[in-house]
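Structure first, commentary second.
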Amino acid sequence: MKISIGSDHAGFELKEILAEYLRRSGAEVVDCGTCSKDSVDYPDFAQAVARDVASGTSDFGVLVCWTGVGISIAANKVPGVRAVNCYNAEMAELSRRHNNANVIAFGQKFITPEDAKAWLDIFLKTEFEGGRHARRVGKLEQGCSCGNA
């Protein structure tokens, strides 16, 4: 499995922990940066990871910033990316099972490295359920027109 990972300066520490964890777990890791705690702009790293995932260069993406919010919003601007800001185990599972999420984002301020590792494992091991969910994800991919239920 090939996984692209990225963060801004505020998520750098957790990104480094997760990258090493993934490598030890046997994943091929593409580190899209940042490479220090020097201040940077999270959209740059979110989009680098998102482009890898959308193009099929990587199977999944992992992103970290201070809250997980901004970096997931930036990733979701790339067509074909379904990024989730994950804050518990159930979110990790359901985002894959129901939404076929392909990028997971974490907020370093709000979670422990141990929780992030556990939720990342759940995310990567959970299969997309398909069925009625496939229709809905398809609408996301086509750019649904809200209000036409």
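Ordering of the structure tokens sets the chain letters (A, B, ...), residue numbers begin anew at 1 in every chain, and ligands are numbered from 1 in the order given.
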Within 12 Å of segment 37-49 of chain A, counting only C-alpha atoms, which residues show up once you throw out same-chain ones fewer than 3 positions away? Write them as a count of residues only, please. 58
Atomic separation - atom CA of Ile122 of chain A relative to atom CA of Ala92 of chain A, Å: 6.2 Å
Using the chain letters and numbers from this document, which residues of chain A does DSSP assign to strand (DSSP E or B), as a PyMOL selection string? chain A and resi 2-7+28-31+60-65+83-85+103-107
Atom pair atom CA of His98 of chain A + atom CA of Gly130 of chain A, distance 7.3 Å
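Residue nearest Tyr21 of chain A, chosen from A:Arg132, A:Lys109, A:Lys117, A:Arg96 and counting only C-alpha atoms: A:Lys117.
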To one decimal place, how far is atom CA of Phe123 of chain A from atom CA of Lys139 of chain A in Å? 22.1 Å
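Take the candidates A:Ser25, A:Phe110, A:Ala101, A:Asp115 and check each one against Ala89 of chain A using only C-alpha atoms; the shortest distance goes to A:Asp115.
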Write out as number ranges by chain all residues of segment 12-143 of chain A that DSSP puts in helix (DSSP H, G or I) for this structure's backbone. A: 12-24, 42-55, 69-75, 89-97, 113-125, 132-142
Could you check which of A:Cys86, A:Leu94, A:Met1, A:Ile111 is closest to Glu127 of chain A, using only C-alpha atoms? A:Leu94
